[in-house]
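Just final-v6.cif here, mmCIF, C-alpha atoms and all ligand atoms:
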```
data_work
#
loop_
_atom_site.label_atom_id
_atom_site.label_comp_id
_atom_site.auth_asym_id
_atom_site.auth_seq_id
_atom_site.Cartn_x
_atom_site.Cartn_y
_atom_site.Cartn_z
CA MET A 1 6.49 23.49 -5.54
CA LYS A 2 3.07 22.01 -4.69
CA LYS A 3 1.02 22.25 -1.50
CA ILE A 4 0.49 18.67 -0.34
CA ILE A 5 -1.36 17.12 2.60
CA ILE A 6 -0.16 13.63 3.61
CA THR A 7 -2.38 11.62 5.94
CA GLY A 8 -0.99 8.59 7.79
CA ALA A 9 2.36 10.34 7.34
CA THR A 10 4.19 8.24 9.95
CA GLY A 11 3.17 4.86 8.51
CA MET A 12 5.42 2.84 6.17
CA LEU A 13 4.29 4.47 2.94
CA GLY A 14 3.57 7.86 4.52
CA THR A 15 7.16 8.07 5.78
CA ALA A 16 8.61 7.13 2.38
CA ILE A 17 6.38 9.60 0.52
CA THR A 18 7.17 12.38 2.99
CA ASN A 19 10.89 11.80 2.37
CA ALA A 20 10.50 11.65 -1.41
CA LEU A 21 8.48 14.87 -1.61
CA GLN A 22 10.88 17.05 0.38
CA GLY A 23 11.11 20.44 -1.30
CA HIS A 24 7.32 20.69 -1.71
CA ASP A 25 5.13 22.56 0.75
CA LEU A 26 4.25 19.50 2.87
CA TYR A 27 1.60 19.13 5.58
CA GLY A 28 2.03 15.66 7.05
CA TYR A 29 -0.29 14.31 9.75
CA SER A 30 0.13 11.25 11.95
CA SER A 31 -3.01 9.45 13.13
CA LYS A 32 -2.86 11.40 16.37
CA GLU A 33 -2.64 14.76 14.59
CA LEU A 34 -5.42 13.92 12.14
CA ASP A 35 -7.75 10.98 12.64
CA ILE A 36 -9.22 10.71 9.13
CA THR A 37 -12.49 9.38 10.57
CA CYS A 38 -13.05 12.80 12.12
CA SER A 39 -14.70 14.46 9.13
CA PHE A 40 -15.00 17.84 10.85
CA LYS A 41 -11.23 18.07 11.45
CA LEU A 42 -10.49 16.79 7.95
CA ASP A 43 -12.71 19.46 6.45
CA GLN A 44 -11.16 22.18 8.64
CA ILE A 45 -7.60 21.25 7.68
CA VAL A 46 -8.26 20.98 3.95
CA LYS A 47 -10.26 24.21 4.00
CA SER A 48 -7.47 26.13 5.71
CA ILE A 49 -4.56 24.68 3.67
CA LYS A 50 -6.28 24.42 0.26
CA PRO A 51 -3.74 21.89 -0.99
CA ASP A 52 -3.00 20.92 -4.59
CA TYR A 53 -2.86 17.26 -3.50
CA ILE A 54 -4.11 15.11 -0.66
CA ILE A 55 -2.11 11.89 -0.46
CA ASN A 56 -3.93 9.38 1.69
CA CYS A 57 -1.50 6.96 3.33
CA ALA A 58 -3.78 6.40 6.33
CA ALA A 59 -5.40 2.99 6.47
CA TYR A 60 -6.37 0.03 8.60
CA THR A 61 -3.79 -2.51 7.39
CA ALA A 62 -3.97 -5.34 9.94
CA VAL A 63 -5.22 -8.05 7.58
CA ASP A 64 -5.89 -10.70 10.25
CA LEU A 65 -7.31 -8.37 12.90
CA ALA A 66 -9.73 -6.94 10.35
CA GLU A 67 -11.57 -10.28 10.33
CA THR A 68 -12.86 -9.54 13.84
CA ASP A 69 -12.80 -5.74 13.60
CA GLN A 70 -14.80 -5.23 10.44
CA GLU A 71 -16.47 -2.06 11.68
CA LYS A 72 -13.18 -0.25 12.31
CA ALA A 73 -11.67 -1.42 9.00
CA LEU A 74 -14.69 -0.11 7.10
CA LYS A 75 -14.75 3.15 9.02
CA ILE A 76 -11.11 3.93 8.16
CA ASN A 77 -10.75 2.27 4.75
CA ALA A 78 -14.13 3.18 3.30
CA LEU A 79 -16.24 5.76 5.17
CA ALA A 80 -13.37 8.15 5.92
CA VAL A 81 -12.10 7.75 2.35
CA GLN A 82 -15.50 8.70 0.94
CA LYS A 83 -15.48 11.87 3.00
CA MET A 84 -11.90 12.60 1.93
CA ALA A 85 -12.85 12.32 -1.74
CA GLN A 86 -15.75 14.72 -1.18
CA VAL A 87 -13.60 17.22 0.70
CA ALA A 88 -10.87 17.00 -1.98
CA ASN A 89 -13.48 17.78 -4.60
CA GLN A 90 -14.98 20.63 -2.64
CA TYR A 91 -11.61 22.40 -2.30
CA GLN A 92 -10.30 21.44 -5.77
CA ALA A 93 -7.53 19.17 -4.54
CA THR A 94 -6.38 16.05 -6.36
CA LEU A 95 -6.67 12.95 -4.20
CA ILE A 96 -4.01 10.24 -4.44
CA HIS A 97 -5.19 7.10 -2.68
CA PHE A 98 -3.75 3.59 -2.32
CA SER A 99 -5.54 0.29 -2.57
CA THR A 100 -4.39 -3.30 -2.61
CA ASP A 101 -3.99 -6.51 -4.61
CA TYR A 102 -6.26 -8.09 -1.94
CA VAL A 103 -9.32 -6.69 -3.80
CA PHE A 104 -8.89 -9.73 -6.11
CA ASN A 105 -9.86 -13.30 -5.23
CA GLY A 106 -6.60 -14.78 -6.51
CA THR A 107 -8.00 -17.39 -8.90
CA ALA A 108 -6.44 -15.76 -11.97
CA THR A 109 -3.43 -17.26 -13.71
CA GLN A 110 -2.30 -14.07 -15.47
CA PRO A 111 -1.68 -10.60 -14.04
CA TYR A 112 -4.89 -8.76 -13.11
CA LEU A 113 -5.84 -5.71 -15.18
CA PRO A 114 -7.20 -2.60 -13.42
CA LEU A 115 -10.73 -3.08 -14.77
CA GLN A 116 -10.84 -6.82 -14.14
CA GLU A 117 -13.51 -8.13 -11.77
CA THR A 118 -12.78 -7.62 -8.08
CA ASP A 119 -13.87 -10.15 -5.48
CA PRO A 120 -12.11 -9.78 -2.14
CA ILE A 121 -11.79 -12.89 0.03
CA ASN A 122 -11.03 -11.14 3.31
CA VAL A 123 -12.44 -8.23 5.32
CA TYR A 124 -9.43 -5.97 4.75
CA GLY A 125 -9.73 -6.44 0.96
CA ALA A 126 -13.47 -5.80 1.11
CA SER A 127 -12.97 -2.61 3.11
CA LYS A 128 -10.35 -1.35 0.64
CA LEU A 129 -12.64 -2.15 -2.29
CA ALA A 130 -15.46 -0.25 -0.59
CA GLY A 131 -13.03 2.70 -0.32
CA GLU A 132 -12.25 2.51 -4.04
CA LYS A 133 -15.95 2.46 -4.91
CA SER A 134 -16.78 5.41 -2.69
CA ILE A 135 -14.03 7.45 -4.38
CA ALA A 136 -15.32 6.50 -7.83
CA GLN A 137 -18.82 7.66 -6.85
CA VAL A 138 -17.54 11.15 -6.13
CA ASN A 139 -16.09 11.15 -9.65
CA GLY A 140 -13.50 13.88 -9.16
CA ARG A 141 -9.77 14.34 -9.57
CA HIS A 142 -8.83 11.09 -7.93
CA TYR A 143 -6.04 8.62 -8.52
CA ILE A 144 -6.24 5.17 -6.96
CA PHE A 145 -3.06 3.11 -7.07
CA ARG A 146 -3.38 -0.55 -6.20
CA ILE A 147 -0.05 -1.59 -4.74
CA SER A 148 1.00 -4.93 -3.20
CA TRP A 149 3.21 -6.69 -0.66
CA LEU A 150 4.74 -3.38 0.43
CA TYR A 151 8.05 -3.30 2.29
CA ALA A 152 10.73 -0.76 3.15
CA PRO A 153 13.84 -0.39 5.31
CA HIS A 154 11.50 1.20 7.90
CA GLY A 155 8.05 0.38 9.28
CA LYS A 156 6.46 -2.96 9.97
CA ASN A 157 6.72 -5.33 7.04
CA PHE A 158 7.68 -8.85 5.87
CA PHE A 159 11.21 -7.81 4.80
CA LYS A 160 11.98 -6.39 8.24
CA TRP A 161 10.43 -9.38 9.96
CA VAL A 162 12.61 -11.87 8.05
CA ALA A 163 15.66 -9.63 8.53
CA GLY A 164 15.07 -9.11 12.25
CA THR A 165 13.66 -12.35 13.63
CA ASP A 166 15.79 -14.40 16.04
CA MET A 167 14.48 -17.63 14.51
CA ASN A 168 17.06 -19.51 12.47
CA GLU A 169 14.52 -21.69 10.70
CA LEU A 170 11.47 -20.23 9.01
CA LYS A 171 8.48 -21.94 7.43
CA ILE A 172 7.10 -19.73 4.70
CA VAL A 173 4.17 -20.28 2.33
CA ASP A 174 4.89 -21.05 -1.29
CA SER A 175 1.19 -21.15 -2.18
CA GLN A 176 0.71 -17.39 -2.67
CA THR A 177 2.24 -15.47 -5.57
CA GLY A 178 2.45 -11.70 -5.81
CA SER A 179 4.76 -8.76 -6.42
CA PRO A 180 6.76 -7.52 -3.43
CA THR A 181 6.87 -3.75 -3.86
CA SER A 182 9.28 -1.29 -2.35
CA ALA A 183 7.64 1.72 -0.68
CA LEU A 184 10.67 3.68 -1.91
CA ASP A 185 9.74 2.89 -5.51
CA VAL A 186 6.09 3.82 -4.93
CA SER A 187 7.29 7.12 -3.46
CA SER A 188 9.62 7.91 -6.38
CA PHE A 189 6.69 7.32 -8.69
CA ILE A 190 4.45 9.66 -6.68
CA LYS A 191 7.17 12.31 -6.87
CA HIS A 192 7.18 11.87 -10.66
CA LEU A 193 3.38 12.08 -10.79
CA VAL A 194 3.23 15.30 -8.78
CA LYS A 195 5.80 16.83 -11.13
CA ASN A 196 4.24 15.55 -14.36
CA ASP A 197 0.55 15.14 -13.62
CA PRO A 198 -1.22 13.95 -16.79
CA GLU A 199 -4.63 14.47 -15.07
CA THR A 200 -5.84 11.09 -16.33
CA TYR A 201 -7.67 10.07 -13.20
CA GLY A 202 -8.72 6.52 -12.39
CA VAL A 203 -7.59 3.18 -11.01
CA TYR A 204 -4.04 2.01 -11.77
CA HIS A 205 -1.76 -0.82 -10.72
CA PHE A 206 1.70 -0.02 -9.41
CA THR A 207 3.98 -2.84 -8.28
CA ASN A 208 7.60 -3.69 -8.80
CA GLN A 209 7.81 -5.70 -12.02
CA GLY A 210 7.94 -9.46 -11.59
CA ALA A 211 6.33 -12.00 -9.28
CA MET A 212 7.29 -14.53 -6.66
CA THR A 213 5.90 -16.45 -3.70
CA TRP A 214 6.38 -15.30 -0.11
CA PHE A 215 8.80 -18.24 0.23
CA GLU A 216 10.86 -17.02 -2.74
CA PHE A 217 10.81 -13.50 -1.34
CA ALA A 218 12.09 -14.78 2.02
CA ILE A 219 14.84 -16.71 0.21
CA ALA A 220 15.83 -13.56 -1.70
CA ILE A 221 15.96 -11.48 1.50
CA ASN A 222 17.98 -14.20 3.23
CA LYS A 223 20.48 -14.26 0.36
CA LYS A 224 20.85 -10.50 -0.13
CA LEU A 225 21.32 -9.87 3.58
CA ASN A 226 23.55 -12.96 4.12
CA LEU A 227 21.30 -14.03 6.98
CA ASP A 228 22.12 -17.75 6.73
CA LYS A 229 18.64 -18.80 7.81
CA ILE A 230 17.13 -22.12 6.86
CA ILE A 231 13.88 -21.44 5.05
CA HIS A 232 11.37 -24.21 4.37
CA PRO A 233 8.50 -23.88 1.91
CA VAL A 234 5.09 -24.79 3.36
CA ALA A 235 1.77 -25.12 1.57
CA THR A 236 -0.21 -23.48 4.34
CA PHE A 237 0.36 -21.12 7.23
CA LYS A 238 -2.63 -20.72 9.51
CA THR A 239 -3.95 -17.14 9.62
CA ALA A 240 -7.31 -15.59 10.53
CA ALA A 241 -7.75 -14.06 7.08
CA LYS A 242 -7.61 -15.89 3.77
CA ARG A 243 -5.08 -14.51 1.27
CA PRO A 244 -5.34 -14.66 -2.53
CA THR A 245 -3.37 -17.50 -4.16
CA TYR A 246 -2.30 -15.27 -7.05
CA SER A 247 -2.46 -11.47 -6.89
CA VAL A 248 0.01 -10.29 -9.51
CA MET A 249 -1.22 -7.06 -11.14
CA ASP A 250 -0.56 -5.74 -14.62
CA GLY A 251 0.98 -2.26 -14.44
CA SER A 252 1.36 -1.59 -18.17
CA ASP A 253 -1.28 1.21 -18.10
CA THR A 254 0.71 2.98 -15.41
CA ILE A 255 3.95 2.70 -17.39
CA GLN A 256 2.26 4.10 -20.49
CA VAL A 257 0.00 6.80 -19.05
CA PHE A 258 2.59 8.24 -16.68
CA ASN A 259 5.54 7.58 -19.01
CA TYR A 260 7.38 5.89 -16.16
CA GLN A 261 9.66 2.89 -16.02
CA ILE A 262 8.82 0.81 -12.94
CA PRO A 263 11.80 -1.00 -11.34
CA THR A 264 11.82 -4.79 -11.13
CA VAL A 265 11.25 -6.72 -7.90
CA GLU A 266 14.98 -7.42 -7.77
CA GLU A 267 15.93 -3.77 -8.27
CA GLY A 268 13.45 -2.78 -5.56
CA LEU A 269 14.93 -5.28 -3.11
CA ASP A 270 18.51 -4.27 -3.90
CA GLU A 271 17.79 -0.64 -3.01
CA VAL A 272 16.02 -1.51 0.23
CA VAL A 273 18.85 -3.87 1.24
CA ARG A 274 21.38 -1.11 0.50
CA ILE A 275 19.58 1.37 2.77
CA TYR A 276 18.49 -1.08 5.49
CA ASN A 277 20.22 -0.46 8.77
CA PRO A 278 19.48 -3.22 11.31
N1 LIG B 301 1.49 -2.71 3.73
C1 LIG B 301 1.21 -3.34 2.59
O1 LIG B 301 1.71 -4.45 2.32
C2 LIG B 301 0.28 -2.74 1.60
C3 LIG B 301 -0.37 -1.54 1.84
N2 LIG B 301 -1.29 -1.07 0.92
C4 LIG B 301 -1.96 0.21 1.15
O2 LIG B 301 -0.98 1.22 1.21
C5 LIG B 301 -1.39 2.25 2.11
C6 LIG B 301 -0.29 2.52 3.12
O3 LIG B 301 -0.06 1.33 3.87
P1 LIG B 301 1.17 1.17 4.88
O4 LIG B 301 2.00 2.39 4.90
O5 LIG B 301 1.77 -0.13 4.59
O6 LIG B 301 0.39 1.05 6.24
P2 LIG B 301 0.86 1.35 7.73
O7 LIG B 301 0.00 0.49 8.59
O8 LIG B 301 2.33 1.29 7.85
O9 LIG B 301 0.44 2.87 7.89
C7 LIG B 301 -0.88 3.28 7.97
C8 LIG B 301 -0.92 4.56 8.75
O10 LIG B 301 -2.28 4.95 8.85
C9 LIG B 301 -2.47 5.45 10.16
N3 LIG B 301 -3.88 5.39 10.54
C10 LIG B 301 -4.61 4.32 10.91
N4 LIG B 301 -5.86 4.71 11.21
C11 LIG B 301 -5.91 6.06 11.01
C12 LIG B 301 -6.91 7.03 11.16
N5 LIG B 301 -8.14 6.72 11.59
N6 LIG B 301 -6.61 8.31 10.89
C13 LIG B 301 -5.38 8.66 10.48
N7 LIG B 301 -4.39 7.79 10.31
C14 LIG B 301 -4.65 6.49 10.58
C15 LIG B 301 -1.61 4.57 11.04
O11 LIG B 301 -1.37 5.22 12.25
P3 LIG B 301 -1.23 4.37 13.63
O12 LIG B 301 -0.07 3.46 13.41
O13 LIG B 301 -1.01 5.43 14.65
O14 LIG B 301 -2.53 3.65 13.75
C16 LIG B 301 -0.37 4.42 10.18
O15 LIG B 301 0.53 5.47 10.44
C17 LIG B 301 -2.71 1.76 2.71
O16 LIG B 301 -3.76 2.32 1.98
C18 LIG B 301 -2.68 0.26 2.49
O17 LIG B 301 -3.98 -0.29 2.41
C19 LIG B 301 -1.58 -1.74 -0.23
C20 LIG B 301 -0.96 -2.91 -0.51
C21 LIG B 301 0.08 -3.48 0.34
C1 LIG B 302 4.96 -14.93 10.02
C2 LIG B 302 4.78 -15.86 8.86
C3 LIG B 302 3.95 -15.52 7.81
N1 LIG B 302 3.76 -16.38 6.78
C4 LIG B 302 2.88 -16.02 5.67
C5 LIG B 302 1.52 -15.46 6.03
C6 LIG B 302 1.17 -14.70 4.78
O1 LIG B 302 0.58 -15.57 3.85
C7 LIG B 302 2.50 -14.22 4.24
C8 LIG B 302 2.78 -12.77 4.47
O2 LIG B 302 2.39 -12.41 5.77
P1 LIG B 302 2.16 -10.93 6.23
O3 LIG B 302 1.29 -10.99 7.41
O4 LIG B 302 3.49 -10.26 6.33
O5 LIG B 302 1.48 -10.29 5.00
P2 LIG B 302 0.04 -9.67 4.77
O6 LIG B 302 -0.42 -8.98 5.99
O7 LIG B 302 -0.88 -10.63 4.15
O8 LIG B 302 0.46 -8.59 3.67
C9 LIG B 302 -0.54 -7.88 3.03
O9 LIG B 302 -0.72 -6.66 3.72
C10 LIG B 302 -1.77 -5.89 3.21
C11 LIG B 302 -1.83 -4.60 4.01
C12 LIG B 302 -1.79 -5.75 1.75
O10 LIG B 302 -2.42 -4.85 1.21
C13 LIG B 302 -1.22 -6.85 0.91
O11 LIG B 302 -0.74 -6.39 -0.34
C14 LIG B 302 -0.14 -7.64 1.60
O12 LIG B 302 1.10 -6.97 1.59
O13 LIG B 302 3.51 -15.01 4.93
C15 LIG B 302 4.43 -17.60 6.74
O14 LIG B 302 4.26 -18.39 5.78
N2 LIG B 302 5.27 -17.94 7.76
C16 LIG B 302 5.47 -17.13 8.84
O15 LIG B 302 6.24 -17.50 9.77
#
```
Could the structure of this file be written out as structure tokens, please?
Ligand SMILES: NC(=O)C1=CN([C@@H]2O[C@H](COP(=O)(O)OP(=O)(O)OC[C@H]3O[C@@H](n4cnc5c(N)ncnc54)[C@H](OP(=O)(O)O)[C@@H]3O)[C@@H](O)[C@H]2O)C=CC1
Ligand SMILES: Cc1cn([C@H]2C[C@H](O)[C@@H](COP(=O)(O)OP(=O)(O)O[C@H]3O[C@@H](C)C(=O)[C@@H](O)[C@H]3O)O2)c(=O)[nH]c1=O
Amino acid sequence: MKKIIITGATGMLGTAITNALQGHDLYGYSSKELDITCSFKLDQIVKSIKPDYIINCAAYTAVDLAETDQEKALKINALAVQKMAQVANQYQATLIHFSTDYVFNGTATQPYLPLQETDPINVYGASKLAGEKSIAQVNGRHYIFRISWLYAPHGKNFFKWVAGTDMNELKIVDSQTGSPTSALDVSSFIKHLVKNDPETYGVYHFTNQGAMTWFEFAIAINKKLNLDKIIHPVATFKTAAKRPTYSVMDGSDTIQVFNYQIPTVEEGLDEVVRIYNP
């Protein structure tokens, strides 16, 4: 049994990780209970709990809003993360942090490797990259997992939007390719990591295996849930933030280093569909 702090514990990933880690000595904090930008409170909590792990699920994730709220995105996704890495180091805790496929510019034609050049094309991606860099500077016991296109039976996400919208006809972009990733699969992996920690710190990619466009993902959701919606592919969908055209990430290091078989995109979706309760 490990002592584990979870920040952003009521968000999509935080909820899934909290569920997966039941049985450990968990200290989960919503944004109201612990605002990670409050470094004094963060320090106080870590000092008093002295956890084995801090799992940071707190983040500014509103990709479009970030374009006009750069300061807040940076404060939460970079400055607070830097402090968290320092505090984790100070009290000998291992930090598990999550980043995104949006650190890449999307011009690649093959899956991105963890050490491949980053070049975010939107403010959210830039703020998450700044968070990664500030963790690396501290150079401690820190894992960074870049995940992508996260969805779950709970929380706010693309799967739930397609499943729950009243619209019978949807227009969905087929000009962006990535790997939809189940938060349940990320959580099962984190459970495995906490149990079998190889202590090989660094940046890793974790996504469900396989790739598709948002349009193809919408089609798959429509089919698996028997929604009977009409879904049209479109080349563009106007949004404030640019999104990478191709953001598939290579997770073979993760599979090897952690000795873990990552489920496919289809397996991930099947499990979420099975649990989803409209
Ligand atoms: N969602 C996705 O598609 C992807 C997510 N990621 C990364 O995965 C991680 C988890 O994301 P996800 O669960 O989807 O995000 P959510 O937006 O569902 O959850 C984020 C949580 O962070 C909380 N939060 C926001 N600001 C603060 C703060 N200052 N202090 C404490 N908590 C705060 C939010 O609380 P409140 O709601 O009260 O503001 C919310 O509960 C993030 O690092 C994200 O960048 C990576 C790739 C894809
Ligand atoms: C609502 C809607 C969206 N879209 C497009 C817009 C966008 O390109 C794509 C997905 O839209 P979303 O806003 O759900 O996704 P988005 O916010 O871009 O999701 C991202 O979130 C952050 C947090 C990450 O880290 C990324 O990995 C990624 O998951 O679908 C349509 O084509 N038609 C529509 O009707």
Subject >> Contacts of Trp161 in chain A at 12 Å (all atoms listed in the file; same-chain gap of 2+ positions) as a ChimeraX atom specification >> reply: /A:151-159,163-167,170,218,221-222,278
Original post:
Do you know which residues are within 7 Å of ligand LIG 301 (chain B) using all atoms listed in the file? Can you write them as an MDAnalysis selection string?
Top reply: chainID A and resid 7:14 30:32 34:37 57:61 76 97:101 128 146:151 155:157
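In this comparison, which uses only C-alpha atoms, the residue of A:Asn226, A:Thr239, A:Asn139, A:Asn208 approaching Ser252 in chain A most closely is A:Asn208.
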Original post:
In file coordinates, which residues lie within 12 Å of (-16.2, 1.2, 4.8) using all atoms listed in the file, given as a ChimeraX atom specification?
Top reply: /A:37,59-60,66,69-83,123-135
Mind working out the centre and edge lengths of an axis-aligned box for ligand LIG 302 (chain B), all listed atoms inside, 4 Å added to each side, rounded to one decimal in Å and written as lines of an AutoDock Vina configuration file?
```
center_x = 1.9
center_y = -11.5
center_z = 4.8
size_x = 16.7
size_y = 21.8
size_z = 18.4
```
Subject >> Shell of 9 Å around Asp185 in chain A, all atoms listed in the file, local chain residues under 6 positions omitted, as a ChimeraX atom specification >> reply: /A:207-208,262-263,268
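For the choices A:Thr245, A:Asn56, A:Asn259, A:Asn168, the atom-to-atom distance to Ile230 in chain A is smallest for A:Asn168 when using only C-alpha atoms.
Our summary of the geometry notes that CA of Leu42 in chain A is positioned 7.9 Å from CA of Val87 in chain A.
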